[in-house]
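J.: Encoded as structure tokens, here's the structure I'll be asking about.
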Amino acid sequence: MWPRFRPVAERGLLIEFADQIGDAAHDAVLRLDRALADAPFPGFAEAVPAMVNLLVTFDPLVTDHRAAEAHLRSLLGRGTARAAGALREVLVCYDDDLAPDLPEVAARTGLTAEAVIAAHLAGDFRVFMYGFAPGYAYLAGLPPELRLDRKPAPRRGVAAGSVIIAGAQCLVTTLTMPTGWWIIGRSPTAILTGDATRPFLFDVGDRVRFRRITRAEYGAAP
């Protein structure tokens with residue numbers, strides 16, 4: 001059943017390894033991405049890894065879907081195993097004014113607010129992919145007891161640095177913008193580094209640990 005190869009317009013293939021987020025599928029994505037980087041096919045343009053799939057684009061004047069798929073199938077299982085990512089620490093304050101959705105998350109999960117915080121701090125987070133905005137690193141590994149569907153309507157003007165959760169994922173926002181995810185804290189940790197050679201704090205595959213700080217520490221952070 002897996003992987004599935006789907007044509008994307010006249011210049012791409014989407015290779016899907018699962019229909020649910022998980023470590024095994026994501027590892028398969030990264031293995032194929034690395035194998036392709038080591039052995040590209042003629043006309044190869046770009047590979048974009050995501051949660052459970054890899055988008056591969058090519059020059060249609062050089063190759064076609066059939067040839068690209070044949071090459072990619074020959075690479076399955078050849079990529080190196082996942083290297084251990086760096087451990088990144090992210091500070092987070094859960095005080096009321098910075099965590100407007102924390103009471104509702106507690107109510108919906110049947111936990112106290114402190115139990116929600118403890119579960120979040122205990123999460124085994126890993127950077128699975130970058131999303132639609134600069135530095136938007138989607139972190140897999142939210143504990144099952146905290147997993148909620150997105151809100152029925154988004155909140156506007158959510159501050160940069162907000163720590164948000166939905167489904168099995170967590171994210172630290174980098175821009176002020178709307179979100180339908182649940183806001184449970186805010187972080188002063190800079191995700192956008194300002195360094196053109198390394199613009200983001202995380203690499204795909206890095207592990208992330210959250211550390212609780214006080215409101216005073218949050219205010220004093222640079």
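Following the order of the structure tokens, first chain is A, next is B, and so on, with residues numbered from 1 inside each chain and ligands from 1 in the order they appear.
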Can you write out as JSON lines which residues of region 33-54 of chain A fall within 8 Å of region 126-133 of chain A, alongside each residue's closest atom pair and its distance in Å to one decimal, counting only C-alpha atoms and ordering rows by chain and ascending residue number?
T.:
```
{"residue": "A:Pro49", "atom": "CA", "partner": "A:Met129", "partner_atom": "CA", "distance": 7.0}
{"residue": "A:Ala50", "atom": "CA", "partner": "A:Met129", "partner_atom": "CA", "distance": 5.4}
{"residue": "A:Met51", "atom": "CA", "partner": "A:Phe128", "partner_atom": "CA", "distance": 5.9}
```
J.: Could you pull the residues within 7 Å of region 58-65 of chain A, counting only C-alpha atoms, minus those fewer than 6 positions along the same chain, as a ChimeraX atom specification?
T.: /A:7,10-13,42-46
J.: Next, the residues of the selection above should be written as a CSV table (one decimal), in the first residue's frame with C-alpha atoms.
T.:
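After the write, again_10.csv holds the following:
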```
chain,number,residue,atom,x,y,z
A,7,PRO,CA,1.8,13.0,-10.2
A,10,GLU,CA,3.6,18.2,-15.3
A,11,ARG,CA,6.7,18.6,-13.2
A,12,GLY,CA,6.4,16.8,-9.9
A,13,LEU,CA,5.7,13.7,-7.9
A,42,PRO,CA,18.7,13.9,-14.6
A,43,GLY,CA,16.4,16.9,-14.5
A,44,PHE,CA,15.9,16.7,-10.7
A,45,ALA,CA,15.0,20.2,-9.4
A,46,GLU,CA,14.0,20.1,-5.7
```
J.: Residues at most 7 Å from region 150-166 of chain A, counting only C-alpha atoms, excluding those fewer than 2 positions away in the same chain, as a PyMOL selection string?
T.: chain A and resi 147-148+168-188
J.: So that I have them on file, write out the residues from the current selection with N, CA, C and O atoms, as a PDB file, in the first residue's frame.
T.:
```pdb
ATOM      1  N   ARG A 147      -4.313  16.399  23.130  1.00  0.00           N
ATOM      2  CA  ARG A 147      -4.648  16.525  21.709  1.00  0.00           C
ATOM      3  C   ARG A 147      -6.113  16.931  21.521  1.00  0.00           C
ATOM      4  O   ARG A 147      -7.026  16.198  21.912  1.00  0.00           O
ATOM      5  N   LEU A 148      -6.296  18.099  20.931  1.00  0.00           N
ATOM      6  CA  LEU A 148      -7.618  18.644  20.656  1.00  0.00           C
ATOM      7  C   LEU A 148      -7.708  19.033  19.188  1.00  0.00           C
ATOM      8  O   LEU A 148      -6.705  19.420  18.584  1.00  0.00           O
ATOM      9  N   ALA A 168      -1.840  16.481  17.161  1.00  0.00           N
ATOM     10  CA  ALA A 168      -0.655  15.907  17.804  1.00  0.00           C
ATOM     11  C   ALA A 168       0.547  16.836  17.726  1.00  0.00           C
ATOM     12  O   ALA A 168       1.670  16.412  17.996  1.00  0.00           O
ATOM     13  N   GLN A 169       0.311  18.109  17.396  1.00  0.00           N
ATOM     14  CA  GLN A 169       1.423  19.008  17.104  1.00  0.00           C
ATOM     15  C   GLN A 169       1.466  20.227  18.017  1.00  0.00           C
ATOM     16  O   GLN A 169       0.462  20.620  18.613  1.00  0.00           O
ATOM     17  N   CYS A 170       2.647  20.815  18.068  1.00  0.00           N
ATOM     18  CA  CYS A 170       2.891  22.054  18.797  1.00  0.00           C
ATOM     19  C   CYS A 170       3.709  22.967  17.892  1.00  0.00           C
ATOM     20  O   CYS A 170       4.426  22.500  17.001  1.00  0.00           O
ATOM     21  N   LEU A 171       3.595  24.278  18.109  1.00  0.00           N
ATOM     22  CA  LEU A 171       4.294  25.233  17.261  1.00  0.00           C
ATOM     23  C   LEU A 171       4.539  26.502  18.063  1.00  0.00           C
ATOM     24  O   LEU A 171       3.724  26.870  18.915  1.00  0.00           O
ATOM     25  N   VAL A 172       5.646  27.171  17.806  1.00  0.00           N
ATOM     26  CA  VAL A 172       5.922  28.486  18.384  1.00  0.00           C
ATOM     27  C   VAL A 172       5.826  29.495  17.253  1.00  0.00           C
ATOM     28  O   VAL A 172       6.602  29.447  16.297  1.00  0.00           O
ATOM     29  N   THR A 173       4.879  30.407  17.342  1.00  0.00           N
ATOM     30  CA  THR A 173       4.650  31.347  16.245  1.00  0.00           C
ATOM     31  C   THR A 173       5.801  32.341  16.139  1.00  0.00           C
ATOM     32  O   THR A 173       6.470  32.657  17.124  1.00  0.00           O
ATOM     33  N   THR A 174       6.016  32.828  14.942  1.00  0.00           N
ATOM     34  CA  THR A 174       7.083  33.806  14.702  1.00  0.00           C
ATOM     35  C   THR A 174       6.559  35.126  14.175  1.00  0.00           C
ATOM     36  O   THR A 174       7.327  36.079  14.055  1.00  0.00           O
ATOM     37  N   LEU A 175       5.271  35.192  13.857  1.00  0.00           N
ATOM     38  CA  LEU A 175       4.642  36.405  13.347  1.00  0.00           C
ATOM     39  C   LEU A 175       3.335  36.629  14.093  1.00  0.00           C
ATOM     40  O   LEU A 175       2.735  35.700  14.616  1.00  0.00           O
ATOM     41  N   THR A 176       2.889  37.887  14.122  1.00  0.00           N
ATOM     42  CA  THR A 176       1.556  38.176  14.635  1.00  0.00           C
ATOM     43  C   THR A 176       0.549  37.886  13.541  1.00  0.00           C
ATOM     44  O   THR A 176       0.600  38.472  12.460  1.00  0.00           O
ATOM     45  N   MET A 177      -0.361  36.957  13.806  1.00  0.00           N
ATOM     46  CA  MET A 177      -1.282  36.515  12.766  1.00  0.00           C
ATOM     47  C   MET A 177      -2.419  35.717  13.400  1.00  0.00           C
ATOM     48  O   MET A 177      -2.357  35.362  14.583  1.00  0.00           O
ATOM     49  N   PRO A 178      -3.480  35.397  12.635  1.00  0.00           N
ATOM     50  CA  PRO A 178      -4.562  34.590  13.187  1.00  0.00           C
ATOM     51  C   PRO A 178      -4.152  33.129  13.346  1.00  0.00           C
ATOM     52  O   PRO A 178      -3.268  32.646  12.649  1.00  0.00           O
ATOM     53  N   THR A 179      -4.820  32.445  14.266  1.00  0.00           N
ATOM     54  CA  THR A 179      -4.622  31.011  14.386  1.00  0.00           C
ATOM     55  C   THR A 179      -5.864  30.370  14.986  1.00  0.00           C
ATOM     56  O   THR A 179      -6.543  30.971  15.820  1.00  0.00           O
ATOM     57  N   GLY A 180      -6.142  29.153  14.556  1.00  0.00           N
ATOM     58  CA  GLY A 180      -7.206  28.364  15.141  1.00  0.00           C
ATOM     59  C   GLY A 180      -6.681  27.331  16.118  1.00  0.00           C
ATOM     60  O   GLY A 180      -7.441  26.494  16.610  1.00  0.00           O
ATOM     61  N   TRP A 181      -5.386  27.374  16.403  1.00  0.00           N
ATOM     62  CA  TRP A 181      -4.794  26.478  17.386  1.00  0.00           C
ATOM     63  C   TRP A 181      -5.004  27.051  18.789  1.00  0.00           C
ATOM     64  O   TRP A 181      -5.339  28.225  18.958  1.00  0.00           O
ATOM     65  N   TRP A 182      -4.772  26.234  19.802  1.00  0.00           N
ATOM     66  CA  TRP A 182      -4.971  26.618  21.195  1.00  0.00           C
ATOM     67  C   TRP A 182      -3.704  27.250  21.754  1.00  0.00           C
ATOM     68  O   TRP A 182      -2.624  26.661  21.688  1.00  0.00           O
ATOM     69  N   ILE A 183      -3.838  28.426  22.328  1.00  0.00           N
ATOM     70  CA  ILE A 183      -2.686  29.196  22.825  1.00  0.00           C
ATOM     71  C   ILE A 183      -2.510  28.891  24.307  1.00  0.00           C
ATOM     72  O   ILE A 183      -3.343  29.279  25.140  1.00  0.00           O
ATOM     73  N   ILE A 184      -1.415  28.210  24.655  1.00  0.00           N
ATOM     74  CA  ILE A 184      -1.224  27.785  26.039  1.00  0.00           C
ATOM     75  C   ILE A 184      -0.034  28.463  26.722  1.00  0.00           C
ATOM     76  O   ILE A 184       0.248  28.183  27.891  1.00  0.00           O
ATOM     77  N   GLY A 185       0.669  29.335  26.031  1.00  0.00           N
ATOM     78  CA  GLY A 185       1.802  30.022  26.632  1.00  0.00           C
ATOM     79  C   GLY A 185       2.463  30.932  25.620  1.00  0.00           C
ATOM     80  O   GLY A 185       1.990  31.088  24.489  1.00  0.00           O
ATOM     81  N   ARG A 186       3.543  31.570  26.066  1.00  0.00           N
ATOM     82  CA  ARG A 186       4.309  32.398  25.136  1.00  0.00           C
ATOM     83  C   ARG A 186       5.792  32.282  25.477  1.00  0.00           C
ATOM     84  O   ARG A 186       6.165  32.154  26.649  1.00  0.00           O
ATOM     85  N   SER A 187       6.606  32.342  24.421  1.00  0.00           N
ATOM     86  CA  SER A 187       8.044  32.133  24.570  1.00  0.00           C
ATOM     87  C   SER A 187       8.827  33.365  24.126  1.00  0.00           C
ATOM     88  O   SER A 187       8.518  33.960  23.091  1.00  0.00           O
ATOM     89  N   PRO A 188       9.867  33.726  24.880  1.00  0.00           N
ATOM     90  CA  PRO A 188      10.773  34.786  24.432  1.00  0.00           C
ATOM     91  C   PRO A 188      11.924  34.268  23.579  1.00  0.00           C
ATOM     92  O   PRO A 188      12.745  35.053  23.089  1.00  0.00           O
TER      93      PRO A 188
END
```
J.: Run DSSP on the backbone and give me the residues of region 20-50 of chain A it puts in strand (DSSP E), as a VMD selection string.
T.: chain A and resid 44 to 49
J.: Restricting it to all heavy atoms, dump the selection as a compact mmCIF listing (two decimals), in the first residue's frame.
T.:
```
# COMPACT_ATOMS: atom_id res chain seq x y z
N PHE A 44 16.33 16.51 -12.08
CA PHE A 44 15.86 16.74 -10.72
C PHE A 44 16.02 18.22 -10.36
O PHE A 44 17.05 18.83 -10.61
CB PHE A 44 16.65 15.89 -9.73
CG PHE A 44 16.45 16.27 -8.29
CD1 PHE A 44 15.23 16.07 -7.67
CD2 PHE A 44 17.48 16.85 -7.57
CE1 PHE A 44 15.05 16.42 -6.34
CE2 PHE A 44 17.32 17.20 -6.23
CZ PHE A 44 16.09 16.98 -5.62
N ALA A 45 14.98 18.80 -9.73
CA ALA A 45 15.01 20.23 -9.36
C ALA A 45 15.04 20.43 -7.86
O ALA A 45 15.91 21.12 -7.33
CB ALA A 45 13.81 20.95 -9.97
N GLU A 46 14.08 19.83 -7.14
CA GLU A 46 13.98 20.11 -5.71
C GLU A 46 13.19 19.00 -5.02
O GLU A 46 12.31 18.39 -5.62
CB GLU A 46 13.26 21.45 -5.49
CG GLU A 46 13.17 21.90 -4.04
CD GLU A 46 12.44 23.21 -3.87
OE1 GLU A 46 11.69 23.61 -4.78
OE2 GLU A 46 12.62 23.85 -2.82
N ALA A 47 13.52 18.77 -3.75
CA ALA A 47 12.75 17.86 -2.91
C ALA A 47 12.33 18.60 -1.65
O ALA A 47 13.14 19.29 -1.02
CB ALA A 47 13.57 16.63 -2.54
N VAL A 48 11.06 18.47 -1.29
CA VAL A 48 10.51 19.18 -0.13
C VAL A 48 9.91 18.15 0.82
O VAL A 48 8.82 17.62 0.56
CB VAL A 48 9.45 20.20 -0.55
CG1 VAL A 48 8.93 20.97 0.67
CG2 VAL A 48 10.00 21.17 -1.60
N PRO A 49 10.58 17.84 1.93
CA PRO A 49 10.03 16.87 2.89
C PRO A 49 8.93 17.49 3.73
O PRO A 49 9.00 18.66 4.12
CB PRO A 49 11.24 16.49 3.74
CG PRO A 49 12.16 17.66 3.65
CD PRO A 49 11.94 18.28 2.30
```
J.: Show me, as a PyMOL selection string, the residues that have an atom within 8 Å of region 18-34 of chain A when counting only C-alpha atoms, minus same-chain residues fewer than 3 positions from it.
T.: chain A and resi 2-3+37-38+47+49-54+72+75-82+128
J.: Which distance in Å separates CA of Glu145 (chain A) and CA of Asp101 (chain A), to one decimal?
T.: 15.7 Å
J.: Mind checking which residues fall within 8 Å of Phe41 (chain A), counting only C-alpha atoms, ignoring those fewer than 5 positions away in the same chain, and posting them as an MDAnalysis selection string?
T.: chainID A and resid 36 68 71
J.: Check region 106-208 of chain A with DSSP on the backbone and list each residue it calls helix (DSSP H, G or I), as a ChimeraX atom specification.
T.: /A:106-109,113-121,144-146
J.: Generate the output file for the selected residues, N, CA and C atoms, as a PDB file, in the first residue's frame.
T.:
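Full text of result.pdb as output:
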```
ATOM      1  N   ALA A 106      -7.710  23.001  29.593  1.00  0.00           N
ATOM      2  CA  ALA A 106      -7.859  22.203  30.806  1.00  0.00           C
ATOM      3  C   ALA A 106      -9.275  21.641  30.912  1.00  0.00           C
ATOM      4  N   ALA A 107     -10.266  22.465  30.634  1.00  0.00           N
ATOM      5  CA  ALA A 107     -11.651  22.009  30.730  1.00  0.00           C
ATOM      6  C   ALA A 107     -11.960  20.918  29.711  1.00  0.00           C
ATOM      7  N   ARG A 108     -11.479  21.089  28.498  1.00  0.00           N
ATOM      8  CA  ARG A 108     -11.786  20.121  27.442  1.00  0.00           C
ATOM      9  C   ARG A 108     -11.051  18.797  27.637  1.00  0.00           C
ATOM     10  N   THR A 109      -9.885  18.835  28.260  1.00  0.00           N
ATOM     11  CA  THR A 109      -9.117  17.605  28.469  1.00  0.00           C
ATOM     12  C   THR A 109      -9.418  16.956  29.816  1.00  0.00           C
ATOM     13  N   ALA A 113      -5.155  23.125  35.032  1.00  0.00           N
ATOM     14  CA  ALA A 113      -4.216  23.922  34.245  1.00  0.00           C
ATOM     15  C   ALA A 113      -2.778  23.490  34.520  1.00  0.00           C
ATOM     16  N   GLU A 114      -2.464  23.210  35.770  1.00  0.00           N
ATOM     17  CA  GLU A 114      -1.107  22.778  36.099  1.00  0.00           C
ATOM     18  C   GLU A 114      -0.792  21.416  35.491  1.00  0.00           C
ATOM     19  N   ALA A 115      -1.787  20.548  35.389  1.00  0.00           N
ATOM     20  CA  ALA A 115      -1.556  19.245  34.765  1.00  0.00           C
ATOM     21  C   ALA A 115      -1.338  19.390  33.262  1.00  0.00           C
ATOM     22  N   VAL A 116      -2.043  20.342  32.629  1.00  0.00           N
ATOM     23  CA  VAL A 116      -1.808  20.626  31.212  1.00  0.00           C
ATOM     24  C   VAL A 116      -0.368  21.094  31.010  1.00  0.00           C
ATOM     25  N   ILE A 117       0.070  22.000  31.873  1.00  0.00           N
ATOM     26  CA  ILE A 117       1.435  22.523  31.780  1.00  0.00           C
ATOM     27  C   ILE A 117       2.450  21.391  31.975  1.00  0.00           C
ATOM     28  N   ALA A 118       2.222  20.558  32.980  1.00  0.00           N
ATOM     29  CA  ALA A 118       3.156  19.456  33.250  1.00  0.00           C
ATOM     30  C   ALA A 118       3.229  18.498  32.068  1.00  0.00           C
ATOM     31  N   ALA A 119       2.088  18.207  31.463  1.00  0.00           N
ATOM     32  CA  ALA A 119       2.084  17.308  30.306  1.00  0.00           C
ATOM     33  C   ALA A 119       2.822  17.933  29.131  1.00  0.00           C
ATOM     34  N   HIS A 120       2.621  19.230  28.912  1.00  0.00           N
ATOM     35  CA  HIS A 120       3.311  19.898  27.811  1.00  0.00           C
ATOM     36  C   HIS A 120       4.821  19.889  28.028  1.00  0.00           C
ATOM     37  N   LEU A 121       5.249  20.161  29.248  1.00  0.00           N
ATOM     38  CA  LEU A 121       6.674  20.173  29.540  1.00  0.00           C
ATOM     39  C   LEU A 121       7.298  18.780  29.407  1.00  0.00           C
ATOM     40  N   PRO A 144      -0.716  12.576  24.183  1.00  0.00           N
ATOM     41  CA  PRO A 144      -2.093  12.270  23.767  1.00  0.00           C
ATOM     42  C   PRO A 144      -3.160  12.972  24.590  1.00  0.00           C
ATOM     43  N   GLU A 145      -2.906  13.175  25.880  1.00  0.00           N
ATOM     44  CA  GLU A 145      -3.932  13.782  26.730  1.00  0.00           C
ATOM     45  C   GLU A 145      -4.189  15.252  26.409  1.00  0.00           C
ATOM     46  N   LEU A 146      -3.331  15.860  25.612  1.00  0.00           N
ATOM     47  CA  LEU A 146      -3.501  17.276  25.256  1.00  0.00           C
ATOM     48  C   LEU A 146      -4.016  17.469  23.831  1.00  0.00           C
TER      49      LEU A 146
END
```
J.: Would you please work out which residue, of A:Leu111, A:Asp124, A:Glu104, A:Glu69, is nearest to Phe210 (chain A) when using only C-alpha atoms?
T.: A:Asp124
J.: Please provide as a PDB file with C-alpha atoms, in the first residue's frame all residues within 12 Å of Phe202 (chain A), with the sequence filter that same-chain residues fewer than 4 positions apart are discarded (counting only C-alpha atoms).
T.:
```pdb
ATOM      1  CA  GLY A  85      19.053  15.868  15.888  1.00  0.00           C
ATOM      2  CA  ALA A  86      20.280  18.580  18.205  1.00  0.00           C
ATOM      3  CA  LEU A  87      18.374  19.241  21.416  1.00  0.00           C
ATOM      4  CA  ARG A  88      16.961  22.774  21.427  1.00  0.00           C
ATOM      5  CA  GLU A  89      15.569  24.438  24.539  1.00  0.00           C
ATOM      6  CA  VAL A  90      12.609  26.797  24.253  1.00  0.00           C
ATOM      7  CA  PHE A 125       8.937  16.982  20.653  1.00  0.00           C
ATOM      8  CA  ARG A 126      10.704  16.687  17.325  1.00  0.00           C
ATOM      9  CA  VAL A 127      10.814  19.087  14.359  1.00  0.00           C
ATOM     10  CA  PHE A 128       9.009  17.339  11.510  1.00  0.00           C
ATOM     11  CA  MET A 129       8.768  20.136   8.949  1.00  0.00           C
ATOM     12  CA  TYR A 130       8.596  23.868   8.266  1.00  0.00           C
ATOM     13  CA  PRO A 134       9.093  31.906   8.169  1.00  0.00           C
ATOM     14  CA  GLY A 135      10.363  29.756  11.025  1.00  0.00           C
ATOM     15  CA  TYR A 136       7.056  27.910  11.477  1.00  0.00           C
ATOM     16  CA  ALA A 137       8.489  24.622  12.735  1.00  0.00           C
ATOM     17  CA  TYR A 138       5.822  21.969  13.225  1.00  0.00           C
ATOM     18  CA  LEU A 139       6.693  19.890  16.281  1.00  0.00           C
ATOM     19  CA  LEU A 171       4.294  25.233  17.261  1.00  0.00           C
ATOM     20  CA  VAL A 172       5.922  28.486  18.384  1.00  0.00           C
ATOM     21  CA  THR A 189      13.108  32.357  22.622  1.00  0.00           C
ATOM     22  CA  ALA A 190      14.075  33.721  19.202  1.00  0.00           C
ATOM     23  CA  ILE A 191      13.169  31.239  16.456  1.00  0.00           C
ATOM     24  CA  LEU A 192      14.202  33.657  13.683  1.00  0.00           C
ATOM     25  CA  THR A 193      17.935  34.087  14.190  1.00  0.00           C
ATOM     26  CA  ARG A 198      21.155  29.816   9.491  1.00  0.00           C
ATOM     27  CA  ASP A 206      15.947  18.400  15.977  1.00  0.00           C
ATOM     28  CA  ARG A 207      14.399  17.622  19.331  1.00  0.00           C
ATOM     29  CA  VAL A 208      12.793  20.382  21.361  1.00  0.00           C
ATOM     30  CA  ARG A 209      12.432  20.661  25.117  1.00  0.00           C
TER      31      ARG A 209
END
```
J.: With only C-alpha atoms as the basis for distance, which of A:Val105, A:Leu98, A:Val8, A:Leu91 is at the shortest distance from Asp149 (chain A)?
T.: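 Of the candidates, the smallest distance to Asp149 (chain A) is held by A:Val105.
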J.: Would you mind reading off the distance between CA of Arg211 (chain A) and CA of Thr197 (chain A), one decimal, in Å?
T.: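 One can read the CA of Arg211 (chain A) to CA of Thr197 (chain A) distance as 26.9 Å.
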J.: Calculate how many Å separate CA of Arg4 (chain A) from CA of Gly167 (chain A), rounding to one decimal.
T.: 24.1 Å
